[in-house]
Amino acid sequence: MLRARNVVFLVTLSMSAPTIARAEVKPFLNQFCVQCHGEKMPKAELSLHNLTDAPVKKSEIDTWKTVLDQIETEQMPPKGAKQPTVEERNKMSAAIKAMLKNAGVSVDETRWLAPSRGNWVDHDALFSGKPLDPAATKPRLWRLSGQAYEEFMLQKNLQFKLGIKTYGQGKIRAPWELRGQKEFSDYASSHKIGEADVEYLLRNATRLAKAMVAKFSAGRPSSTSSAWIAELSVVIQSGKSATEAQIKAAVIASFDRILHRKLEPEEVARYARFFKKSIDQLGGERGAEQFLTALLLRPEVMYRVELPATDGARAILPPRSLARAIALALTDSDSDEKLRSAADAGKLVSAAEARDHVERILRDDKISRTRVRRFFQEYFGYTGAIDVFKDEMTMSEYGIGKLGWAPNHLVADTDHLIQWVLAADKNVLYELLTTSKTFVMTGESRGRKVQPTGFKGPSVTGTLAIYEIAIPEGQWSPNKPFDMPAEHRMGILTHPSWLAAHSTNFDNHAIDRGRWIRERLLGGRIPEIPITVDATLPDEPHKTLRERMRVTKVDYCWQCHKHMDPLGLPFEQYDHFGRFRTAELVVDKVATEQRTKKGKLGARVMKPVPFDMTGMIEESGDPKLDGPVKGPRDLITKLAKSERVEQVFVRHAFRYFLGRNETLSDGPVLIAAHRAYKESGGSMNALITSLLTSESFLYRAK
């Protein structure tokens, strides 16, 4: 039903939705819907002419749900049909929700928080520059990434020299793992700690607490070592004879040394009572173990706690919370000493003061900015190459030996390339989309270090063949970028890691590649596949991929596939191993049958056939982009030069670093971030700094 250009349907997340009288529902349907979905020959077999405004029957309720979805996702009316205004659309959406609620049907408002809904706020409206409500983020508990939780536990192990194994089966691990798939994995609304997680976290906390008690129960209680909590040691060794003052001192010191947190008097008293009760019941060591376990299960060990200083009022995060938010936005570590000192001194209460620390962390090469690197890993999705299985028969058919396929190298090389581009910090997105540079063999080859003296062996030969690079003996260096053929390769979208990640075990995946471009570069919206649709291509290995994709041209399917397929098919220039090619390999049916008749089993006989790598950019939102493309280089060149593509990139950076989708109120923040990026000559540091000092990042409001 409805696809207006400047429509925004996430209004319920950023402002109150307008209301509509029931009497207005029918006129809306008559004006925008019934012409196609009337009584006679309704399109998609969906008739709306006799819908009531007080649905009771399940069939009618289901129809209203369909109408609501079509309105909110802008899929109808179709392009070219008369469109409702933004106000009319929002009023109708609110009216349907009210009707459904009156009918006892729950309406899931949280679905707009999902990462897959990130592009559903209209792009032109976001960048319109129109004044809106002040930006802010809702108060929230944002579960730590698995890496950040594990880093905390590792740092406590090192800080107190506990000797816990930090590798293999002995490593203290998070009970969750966030892995980027089609969308960003680390959203504040997406992950909560469940019952199974609590049991796992309890074991981790108990293990660390036991190790600390074992250490602090021995040795001199008065030790001033940085790996010691003297006050806690006194209580453990005193046991039931420990005084109230000693217990309070141990509580204060433990929170300060372990969580770097100052307690309020009421908190000191509460934890001291708990500690004393545990000691009285269990003795000094077991009592201390219970106290430390409780401390290590505090919310801040598992969550980013981002609550405003006062209830209800829109306000900047409290200094300690802001210090932690900045640190965890850029790294997997908690606030460093400089951030904590600034917060304790009351010097982290403005955007300018936050900027000082964001810029400090971004320019300090001694600080591992793991979150920045992970943004690009998840944004491009190239790390998935490791998980795309290639069996020996497929490799044999494509002329790759058993040791010739090493996707771990390809991913490591792309990691290195991104770090190299970030180090220069100029025209970052453009460089990543257009460079013909790559690093080579920066990972390990099946557990063996690559030797810098030269390349010998099938694994190395296979990887270099994929890159189309010949490196003379002794000329390799893990820190030296090499040139891939410029006429064949252009940026990460033609890098073997990205191509392999966006493929299947046996074929290219033009649909997935096209969807990535539509969503990640053009900011388009692709609905999920209906459960009633068989989304498999015909099993015809003797035909080209484009021939087998004829099934996506069916009217019902083409509504979505027209936004993906023409963008992905230009990458038929490469096979699903990421190799440049001049022809597509398909099964030679005749030769394979003859081979089988002769009793020869194993790989099928393949033959080269011409392929078509032309494509099309349509409905991009930028008329200068729209039009046919001759191949991947033509497509990428257009995209890399587009301001809209830059803006969409900024939107994705916003989502990743703030852990939520944009709303209309965030429009000025996005405009400012894009301006910072452009005026700095394409600096990623400038973009990140703008986002992490914006009102959307700093402020919380209900």
# chains A, B, ... in the order shown; residues from 1 in each chain; ligands from 1

$ residues_around --residues "segment 110-118 of chain A" --least-positions-apart "2" --cutoff "7 Å" --atoms "only C-alpha atoms" --output "PyMOL selection string"
chain A and resi 10+108+120+183-184+189-190+660-662

$ write_last_selection --atoms "N, CA and C atoms" --output "PDB file, in the first residue's frame"
ATOM      1  N   LEU A  10       8.373   5.509  12.077  1.00  0.00           N
ATOM      2  CA  LEU A  10       8.892   5.220  13.413  1.00  0.00           C
ATOM      3  C   LEU A  10       8.496   6.327  14.373  1.00  0.00           C
ATOM      4  N   ASP A 108       2.898  -5.189  18.784  1.00  0.00           N
ATOM      5  CA  ASP A 108       4.316  -5.188  19.165  1.00  0.00           C
ATOM      6  C   ASP A 108       4.982  -3.901  18.691  1.00  0.00           C
ATOM      7  N   TRP A 120      14.293   1.926   8.210  1.00  0.00           N
ATOM      8  CA  TRP A 120      12.883   2.186   7.950  1.00  0.00           C
ATOM      9  C   TRP A 120      12.459   3.596   8.307  1.00  0.00           C
ATOM     10  N   GLU A 183      22.856  -7.975  10.285  1.00  0.00           N
ATOM     11  CA  GLU A 183      22.730  -6.699  10.973  1.00  0.00           C
ATOM     12  C   GLU A 183      23.764  -6.643  12.094  1.00  0.00           C
ATOM     13  N   PHE A 184      23.871  -5.466  12.717  1.00  0.00           N
ATOM     14  CA  PHE A 184      24.781  -5.331  13.846  1.00  0.00           C
ATOM     15  C   PHE A 184      24.299  -6.197  15.006  1.00  0.00           C
ATOM     16  N   SER A 189      18.690  -3.059  22.846  1.00  0.00           N
ATOM     17  CA  SER A 189      17.350  -3.633  23.010  1.00  0.00           C
ATOM     18  C   SER A 189      17.288  -5.122  22.695  1.00  0.00           C
ATOM     19  N   SER A 190      18.363  -5.671  22.164  1.00  0.00           N
ATOM     20  CA  SER A 190      18.299  -7.026  21.614  1.00  0.00           C
ATOM     21  C   SER A 190      18.651  -8.124  22.599  1.00  0.00           C
ATOM     22  N   ARG A 660      21.412   1.493  18.863  1.00  0.00           N
ATOM     23  CA  ARG A 660      19.973   1.594  18.604  1.00  0.00           C
ATOM     24  C   ARG A 660      19.744   2.182  17.215  1.00  0.00           C
ATOM     25  N   ASN A 661      18.485   2.120  16.761  1.00  0.00           N
ATOM     26  CA  ASN A 661      18.124   2.716  15.484  1.00  0.00           C
ATOM     27  C   ASN A 661      17.930   4.223  15.622  1.00  0.00           C
ATOM     28  N   GLU A 662      18.020   4.909  14.494  1.00  0.00           N
ATOM     29  CA  GLU A 662      17.766   6.337  14.485  1.00  0.00           C
ATOM     30  C   GLU A 662      16.272   6.605  14.633  1.00  0.00           C
TER      31      GLU A 662
END

$ residues_around --residues "segment 354-356 of chain A" --least-positions-apart "4" --cutoff "8 Å" --atoms "only C-alpha atoms" --output "PDB file with all heavy atoms, in the first residue's frame"
ATOM      1  N   ILE A 326      31.783   6.104  27.091  1.00  0.00           N
ATOM      2  CA  ILE A 326      32.815   6.475  26.120  1.00  0.00           C
ATOM      3  C   ILE A 326      33.807   5.337  25.939  1.00  0.00           C
ATOM      4  O   ILE A 326      34.157   4.960  24.814  1.00  0.00           O
ATOM      5  CB  ILE A 326      33.532   7.758  26.571  1.00  0.00           C
ATOM      6  CG1 ILE A 326      32.589   8.967  26.460  1.00  0.00           C
ATOM      7  CG2 ILE A 326      34.790   7.999  25.736  1.00  0.00           C
ATOM      8  CD1 ILE A 326      33.136  10.238  27.081  1.00  0.00           C
ATOM      9  N   LEU A 348      33.408  15.856  33.689  1.00  0.00           N
ATOM     10  CA  LEU A 348      32.853  15.125  32.549  1.00  0.00           C
ATOM     11  C   LEU A 348      31.348  15.374  32.519  1.00  0.00           C
ATOM     12  O   LEU A 348      30.538  14.453  32.612  1.00  0.00           O
ATOM     13  CB  LEU A 348      33.165  13.630  32.682  1.00  0.00           C
ATOM     14  CG  LEU A 348      33.154  12.810  31.385  1.00  0.00           C
ATOM     15  CD1 LEU A 348      34.141  13.345  30.369  1.00  0.00           C
ATOM     16  CD2 LEU A 348      33.461  11.348  31.673  1.00  0.00           C
ATOM     17  N   VAL A 349      31.012  16.644  32.370  1.00  0.00           N
ATOM     18  CA  VAL A 349      29.599  17.038  32.454  1.00  0.00           C
ATOM     19  C   VAL A 349      29.146  17.847  31.238  1.00  0.00           C
ATOM     20  O   VAL A 349      28.091  18.474  31.259  1.00  0.00           O
ATOM     21  CB  VAL A 349      29.340  17.850  33.744  1.00  0.00           C
ATOM     22  CG1 VAL A 349      29.528  16.981  34.971  1.00  0.00           C
ATOM     23  CG2 VAL A 349      30.245  19.081  33.800  1.00  0.00           C
ATOM     24  N   SER A 350      29.948  17.825  30.156  1.00  0.00           N
ATOM     25  CA  SER A 350      29.587  18.588  28.965  1.00  0.00           C
ATOM     26  C   SER A 350      30.110  17.879  27.724  1.00  0.00           C
ATOM     27  O   SER A 350      30.991  17.010  27.801  1.00  0.00           O
ATOM     28  CB  SER A 350      30.182  19.995  29.033  1.00  0.00           C
ATOM     29  OG  SER A 350      31.596  19.946  28.920  1.00  0.00           O
ATOM     30  N   ARG A 360      41.236  11.905  22.708  1.00  0.00           N
ATOM     31  CA  ARG A 360      42.449  11.328  23.324  1.00  0.00           C
ATOM     32  C   ARG A 360      42.543   9.831  23.045  1.00  0.00           C
ATOM     33  O   ARG A 360      43.602   9.322  22.644  1.00  0.00           O
ATOM     34  CB  ARG A 360      42.424  11.579  24.835  1.00  0.00           C
ATOM     35  CG  ARG A 360      43.515  10.836  25.599  1.00  0.00           C
ATOM     36  CD  ARG A 360      43.426  11.088  27.087  1.00  0.00           C
ATOM     37  NE  ARG A 360      42.215  10.580  27.693  1.00  0.00           N
ATOM     38  CZ  ARG A 360      42.025   9.314  28.058  1.00  0.00           C
ATOM     39  NH1 ARG A 360      42.986   8.410  27.847  1.00  0.00           N
ATOM     40  NH2 ARG A 360      40.903   8.925  28.628  1.00  0.00           N
ATOM     41  N   THR A 689      33.857  10.953  16.674  1.00  0.00           N
ATOM     42  CA  THR A 689      33.861  11.999  17.694  1.00  0.00           C
ATOM     43  C   THR A 689      32.555  12.771  17.686  1.00  0.00           C
ATOM     44  O   THR A 689      31.985  13.077  18.743  1.00  0.00           O
ATOM     45  CB  THR A 689      35.041  12.961  17.477  1.00  0.00           C
ATOM     46  OG1 THR A 689      36.265  12.227  17.549  1.00  0.00           O
ATOM     47  CG2 THR A 689      35.056  14.058  18.530  1.00  0.00           C
ATOM     48  N   LEU A 692      29.859  10.532  19.305  1.00  0.00           N
ATOM     49  CA  LEU A 692      30.034  10.274  20.737  1.00  0.00           C
ATOM     50  C   LEU A 692      30.019  11.544  21.577  1.00  0.00           C
ATOM     51  O   LEU A 692      30.146  11.468  22.807  1.00  0.00           O
ATOM     52  CB  LEU A 692      31.333   9.498  20.982  1.00  0.00           C
ATOM     53  CG  LEU A 692      31.431   8.115  20.335  1.00  0.00           C
ATOM     54  CD1 LEU A 692      32.649   7.363  20.848  1.00  0.00           C
ATOM     55  CD2 LEU A 692      30.172   7.295  20.572  1.00  0.00           C
ATOM     56  N   THR A 693      29.871  12.684  20.942  1.00  0.00           N
ATOM     57  CA  THR A 693      29.690  13.938  21.692  1.00  0.00           C
ATOM     58  C   THR A 693      28.341  14.571  21.346  1.00  0.00           C
ATOM     59  O   THR A 693      28.093  15.721  21.678  1.00  0.00           O
ATOM     60  CB  THR A 693      30.825  14.928  21.379  1.00  0.00           C
ATOM     61  OG1 THR A 693      30.896  15.160  19.967  1.00  0.00           O
ATOM     62  CG2 THR A 693      32.157  14.397  21.859  1.00  0.00           C
TER      63      THR A 693
END

$ atom_distance --atom1 "atom CA of Phe375 of chain A" --atom2 "atom CA of Arg515 of chain A"
18.7 Å

$ closest_residue --among "A:Ile636, A:Met92, A:Ala535, A:Leu126" --to "Leu664 of chain A" --atoms "only C-alpha atoms"
A:Leu126

$ select_by_dssp --residues "segment 33-146 of chain A" --states "strand (DSSP E or B)" --output "mmCIF file with C-alpha atoms, in the first residue's frame"
data_model
loop_
_atom_site.group_PDB
_atom_site.id
_atom_site.type_symbol
_atom_site.label_atom_id
_atom_site.label_comp_id
_atom_site.auth_asym_id
_atom_site.auth_seq_id
_atom_site.Cartn_x
_atom_site.Cartn_y
_atom_site.Cartn_z
ATOM 1 C CA VAL A 121 13.065 5.833 8.968
ATOM 2 C CA THR A 137 18.343 8.092 24.178
ATOM 3 C CA ARG A 140 18.643 1.560 29.400
ATOM 4 C CA LEU A 141 20.684 -1.384 30.546
ATOM 5 C CA TRP A 142 22.878 -2.405 27.615
ATOM 6 C CA ARG A 143 24.342 -5.847 28.043
#

$ closest_residue --among "A:Gly163, A:Pro27, A:Pro134, A:Gly681" --to "Asn427 of chain A" --atoms "only C-alpha atoms"
A:Gly681

$ residues_around --residues "His674 of chain A" --least-positions-apart "5" --cutoff "10 Å" --atoms "only C-alpha atoms" --output "list in words"
Phe127, Glu643, Glu646, Gln647, Val648, Phe649, Val650, Arg651, Pro668, Val669, Glu679, Ser680, Gly682, Ala686, Leu687, Ser690 and Leu691 of chain A

$ residues_around --residues "segment 164-179 of chain A" --least-positions-apart "3" --cutoff "8 Å" --atoms "only C-alpha atoms" --output "list of chain:residue names"
A:Ser145, A:Gly146, A:Gln147, A:Tyr149, A:Glu150, A:Met153, A:Leu154, A:Asn157, A:Ser185, A:Asp186, A:Asp197, A:Tyr200, A:Leu201, A:Asn204, A:Ala211

$ residues_around --residues "segment 255-266 of chain A" --least-positions-apart "6" --cutoff "8 Å" --atoms "only C-alpha atoms" --output "ChimeraX atom specification"
/A:156,229,295,340

$ write_last_selection --atoms "N, CA and C atoms" --output "PDB file, in the first residue's frame"
ATOM      1  N   LYS A 156      40.895  -8.289  35.978  1.00  0.00           N
ATOM      2  CA  LYS A 156      40.904  -8.575  37.421  1.00  0.00           C
ATOM      3  C   LYS A 156      41.921  -9.680  37.732  1.00  0.00           C
ATOM      4  N   ILE A 229      44.321  -6.057  48.337  1.00  0.00           N
ATOM      5  CA  ILE A 229      43.323  -5.223  49.018  1.00  0.00           C
ATOM      6  C   ILE A 229      43.530  -5.469  50.500  1.00  0.00           C
ATOM      7  N   LEU A 295      29.561  -8.989  44.700  1.00  0.00           N
ATOM      8  CA  LEU A 295      30.141  -7.807  44.060  1.00  0.00           C
ATOM      9  C   LEU A 295      30.360  -8.049  42.571  1.00  0.00           C
ATOM     10  N   ARG A 340      38.218   8.057  34.680  1.00  0.00           N
ATOM     11  CA  ARG A 340      37.689   7.965  36.046  1.00  0.00           C
ATOM     12  C   ARG A 340      38.040   9.204  36.848  1.00  0.00           C
TER      13      ARG A 340
END

$ select_by_dssp --residues "segment 635-680 of chain A" --states "alpha helix (DSSP H)" --output "PDB file with C-alpha atoms, in the first residue's frame"
ATOM      1  CA  LEU A 635      28.758   0.119  -9.993  1.00  0.00           C
ATOM      2  CA  ILE A 636      31.314   0.728  -7.228  1.00  0.00           C
ATOM      3  CA  THR A 637      32.616   3.921  -8.828  1.00  0.00           C
ATOM      4  CA  LYS A 638      29.139   5.414  -8.836  1.00  0.00           C
ATOM      5  CA  LEU A 639      28.443   4.372  -5.265  1.00  0.00           C
ATOM      6  CA  ALA A 640      31.780   5.555  -3.903  1.00  0.00           C
ATOM      7  CA  GLU A 643      26.873  11.762  -0.988  1.00  0.00           C
ATOM      8  CA  ARG A 644      23.797   9.674  -0.221  1.00  0.00           C
ATOM      9  CA  VAL A 645      26.013   6.621   0.240  1.00  0.00           C
ATOM     10  CA  GLU A 646      28.119   8.627   2.694  1.00  0.00           C
ATOM     11  CA  GLN A 647      24.995   9.592   4.612  1.00  0.00           C
ATOM     12  CA  VAL A 648      23.816   5.990   4.773  1.00  0.00           C
ATOM     13  CA  PHE A 649      27.259   5.011   6.065  1.00  0.00           C
ATOM     14  CA  VAL A 650      26.874   7.637   8.808  1.00  0.00           C
ATOM     15  CA  ARG A 651      23.500   6.128   9.718  1.00  0.00           C
ATOM     16  CA  HIS A 652      25.082   2.721  10.159  1.00  0.00           C
ATOM     17  CA  ALA A 653      27.880   4.178  12.286  1.00  0.00           C
ATOM     18  CA  PHE A 654      25.218   5.838  14.447  1.00  0.00           C
ATOM     19  CA  ARG A 655      23.453   2.526  15.011  1.00  0.00           C
ATOM     20  CA  TYR A 656      26.606   0.660  15.875  1.00  0.00           C
ATOM     21  CA  PHE A 657      28.131   3.151  18.301  1.00  0.00           C
ATOM     22  CA  LEU A 658      24.831   4.096  19.973  1.00  0.00           C
ATOM     23  CA  GLY A 667      18.256  13.878  12.276  1.00  0.00           C
ATOM     24  CA  PRO A 668      20.330  16.919  13.350  1.00  0.00           C
ATOM     25  CA  VAL A 669      22.879  14.584  14.966  1.00  0.00           C
ATOM     26  CA  LEU A 670      23.263  12.646  11.712  1.00  0.00           C
ATOM     27  CA  ILE A 671      23.590  15.844   9.703  1.00  0.00           C
ATOM     28  CA  ALA A 672      26.296  17.106  12.067  1.00  0.00           C
ATOM     29  CA  ALA A 673      28.155  13.781  11.915  1.00  0.00           C
ATOM     30  CA  HIS A 674      28.089  13.756   8.118  1.00  0.00           C
ATOM     31  CA  ARG A 675      29.280  17.365   8.040  1.00  0.00           C
ATOM     32  CA  ALA A 676      32.141  16.489  10.396  1.00  0.00           C
ATOM     33  CA  TYR A 677      33.123  13.611   8.127  1.00  0.00           C
ATOM     34  CA  LYS A 678      33.085  15.708   4.962  1.00  0.00           C
ATOM     35  CA  GLU A 679      34.786  18.795   6.390  1.00  0.00           C
TER      36      GLU A 679
END

$ closest_residue --among "A:Gly284, A:Pro139, A:Gly404, A:Gly659" --to "Pro308 of chain A" --atoms "only C-alpha atoms"
A:Pro139

$ residues_around --residues "Lys65 of chain A" --least-positions-apart "2" --cutoff "10 Å" --atoms "only C-alpha atoms" --output "list in words"
Ser59, Glu60, Ile61, Asp62, Thr63, Val67, Leu68, Asp69, Gln70, Ile71, Ile96, Lys97, Leu100, Val105 and Val107 of chain A

$ write_last_selection --atoms "all heavy atoms" --output "mmCIF file, in the first residue's frame"
data_model
loop_
_atom_site.group_PDB
_atom_site.id
_atom_site.type_symbol
_atom_site.label_atom_id
_atom_site.label_comp_id
_atom_site.auth_asym_id
_atom_site.auth_seq_id
_atom_site.Cartn_x
_atom_site.Cartn_y
_atom_site.Cartn_z
ATOM 1 N N SER A 59 -10.281 -13.551 10.980
ATOM 2 C CA SER A 59 -9.909 -13.235 9.599
ATOM 3 C C SER A 59 -9.831 -11.726 9.383
ATOM 4 O O SER A 59 -8.942 -11.224 8.688
ATOM 5 C CB SER A 59 -10.915 -13.854 8.628
ATOM 6 O OG SER A 59 -12.224 -13.356 8.893
ATOM 7 N N GLU A 60 -10.752 -10.983 9.986
ATOM 8 C CA GLU A 60 -10.756 -9.534 9.826
ATOM 9 C C GLU A 60 -9.602 -8.903 10.603
ATOM 10 O O GLU A 60 -8.963 -7.956 10.133
ATOM 11 C CB GLU A 60 -12.092 -8.952 10.292
ATOM 12 C CG GLU A 60 -12.292 -7.514 9.839
ATOM 13 C CD GLU A 60 -13.706 -7.022 10.079
ATOM 14 O OE1 GLU A 60 -14.411 -7.598 10.943
ATOM 15 O OE2 GLU A 60 -14.109 -6.059 9.407
ATOM 16 N N ILE A 61 -9.322 -9.428 11.778
ATOM 17 C CA ILE A 61 -8.188 -8.927 12.570
ATOM 18 C C ILE A 61 -6.885 -9.148 11.810
ATOM 19 O O ILE A 61 -6.021 -8.266 11.744
ATOM 20 C CB ILE A 61 -8.156 -9.623 13.946
ATOM 21 C CG1 ILE A 61 -9.313 -9.124 14.817
ATOM 22 C CG2 ILE A 61 -6.811 -9.374 14.639
ATOM 23 C CD1 ILE A 61 -9.473 -9.869 16.126
ATOM 24 N N ASP A 62 -6.762 -10.329 11.206
ATOM 25 C CA ASP A 62 -5.548 -10.618 10.429
ATOM 26 C C ASP A 62 -5.413 -9.663 9.243
ATOM 27 O O ASP A 62 -4.306 -9.240 8.893
ATOM 28 C CB ASP A 62 -5.574 -12.073 9.943
ATOM 29 C CG ASP A 62 -5.363 -13.066 11.074
ATOM 30 O OD1 ASP A 62 -4.869 -12.649 12.141
ATOM 31 O OD2 ASP A 62 -5.688 -14.253 10.875
ATOM 32 N N THR A 63 -6.537 -9.323 8.624
ATOM 33 C CA THR A 63 -6.487 -8.389 7.500
ATOM 34 C C THR A 63 -6.032 -7.009 7.959
ATOM 35 O O THR A 63 -5.216 -6.358 7.295
ATOM 36 C CB THR A 63 -7.870 -8.292 6.829
ATOM 37 O OG1 THR A 63 -8.247 -9.579 6.355
ATOM 38 C CG2 THR A 63 -7.831 -7.317 5.659
ATOM 39 N N VAL A 67 -2.861 -4.711 6.742
ATOM 40 C CA VAL A 67 -2.952 -3.312 6.333
ATOM 41 C C VAL A 67 -1.977 -2.459 7.144
ATOM 42 O O VAL A 67 -1.263 -1.609 6.595
ATOM 43 C CB VAL A 67 -4.392 -2.793 6.500
ATOM 44 C CG1 VAL A 67 -4.456 -1.286 6.234
ATOM 45 C CG2 VAL A 67 -5.337 -3.533 5.565
ATOM 46 N N LEU A 68 -1.936 -2.689 8.456
ATOM 47 C CA LEU A 68 -1.027 -1.928 9.321
ATOM 48 C C LEU A 68 0.423 -2.117 8.895
ATOM 49 O O LEU A 68 1.195 -1.147 8.796
ATOM 50 C CB LEU A 68 -1.209 -2.371 10.781
ATOM 51 C CG LEU A 68 -0.246 -1.734 11.798
ATOM 52 C CD1 LEU A 68 -0.447 -0.225 11.870
ATOM 53 C CD2 LEU A 68 -0.439 -2.373 13.177
ATOM 54 N N ASP A 69 0.785 -3.361 8.615
ATOM 55 C CA ASP A 69 2.165 -3.636 8.213
ATOM 56 C C ASP A 69 2.511 -2.940 6.907
ATOM 57 O O ASP A 69 3.589 -2.367 6.751
ATOM 58 C CB ASP A 69 2.374 -5.149 8.084
ATOM 59 C CG ASP A 69 3.820 -5.500 7.806
ATOM 60 O OD1 ASP A 69 4.666 -5.288 8.688
ATOM 61 O OD2 ASP A 69 4.110 -5.971 6.692
ATOM 62 N N GLN A 70 1.586 -2.973 5.961
ATOM 63 C CA GLN A 70 1.830 -2.336 4.670
ATOM 64 C C GLN A 70 1.943 -0.819 4.806
ATOM 65 O O GLN A 70 2.741 -0.181 4.119
ATOM 66 C CB GLN A 70 0.706 -2.679 3.694
ATOM 67 C CG GLN A 70 0.626 -4.155 3.342
ATOM 68 C CD GLN A 70 1.792 -4.602 2.486
ATOM 69 O OE1 GLN A 70 2.040 -4.058 1.424
ATOM 70 N NE2 GLN A 70 2.536 -5.579 2.965
ATOM 71 N N ILE A 71 1.141 -0.245 5.703
ATOM 72 C CA ILE A 71 1.209 1.200 5.924
ATOM 73 C C ILE A 71 2.539 1.576 6.565
ATOM 74 O O ILE A 71 3.217 2.509 6.133
ATOM 75 C CB ILE A 71 0.040 1.666 6.821
ATOM 76 C CG1 ILE A 71 -1.273 1.596 6.041
ATOM 77 C CG2 ILE A 71 0.276 3.076 7.343
ATOM 78 C CD1 ILE A 71 -2.486 1.908 6.888
ATOM 79 N N ILE A 96 -5.528 2.035 13.507
ATOM 80 C CA ILE A 96 -5.543 0.571 13.405
ATOM 81 C C ILE A 96 -5.035 -0.060 14.693
ATOM 82 O O ILE A 96 -5.592 -1.041 15.191
ATOM 83 C CB ILE A 96 -4.715 0.111 12.194
ATOM 84 C CG1 ILE A 96 -5.330 0.629 10.893
ATOM 85 C CG2 ILE A 96 -4.625 -1.412 12.157
ATOM 86 C CD1 ILE A 96 -4.476 0.362 9.673
ATOM 87 N N LYS A 97 -3.986 0.509 15.253
ATOM 88 C CA LYS A 97 -3.455 -0.026 16.513
ATOM 89 C C LYS A 97 -4.504 0.064 17.617
ATOM 90 O O LYS A 97 -4.662 -0.863 18.422
ATOM 91 C CB LYS A 97 -2.200 0.735 16.911
ATOM 92 C CG LYS A 97 -1.009 0.457 16.024
ATOM 93 C CD LYS A 97 0.178 1.323 16.415
ATOM 94 C CE LYS A 97 1.362 1.087 15.484
ATOM 95 N NZ LYS A 97 2.511 1.965 15.807
ATOM 96 N N LEU A 100 -7.107 -2.642 17.058
ATOM 97 C CA LEU A 100 -6.599 -3.969 17.415
ATOM 98 C C LEU A 100 -6.531 -4.134 18.932
ATOM 99 O O LEU A 100 -6.866 -5.199 19.472
ATOM 100 C CB LEU A 100 -5.218 -4.175 16.790
ATOM 101 C CG LEU A 100 -5.196 -4.315 15.261
ATOM 102 C CD1 LEU A 100 -3.753 -4.345 14.751
ATOM 103 C CD2 LEU A 100 -5.936 -5.575 14.818
ATOM 104 N N VAL A 105 -6.105 -7.504 20.897
ATOM 105 C CA VAL A 105 -4.921 -7.975 20.174
ATOM 106 C C VAL A 105 -3.727 -7.101 20.553
ATOM 107 O O VAL A 105 -3.802 -5.867 20.480
ATOM 108 C CB VAL A 105 -5.150 -7.913 18.644
ATOM 109 C CG1 VAL A 105 -3.906 -8.379 17.904
ATOM 110 C CG2 VAL A 105 -6.358 -8.748 18.257
ATOM 111 N N VAL A 107 -0.198 -5.279 20.157
ATOM 112 C CA VAL A 107 0.558 -4.699 19.053
ATOM 113 C C VAL A 107 2.008 -4.563 19.506
ATOM 114 O O VAL A 107 2.295 -3.912 20.509
ATOM 115 C CB VAL A 107 -0.005 -3.321 18.658
ATOM 116 C CG1 VAL A 107 0.831 -2.709 17.543
ATOM 117 C CG2 VAL A 107 -1.462 -3.449 18.223
#
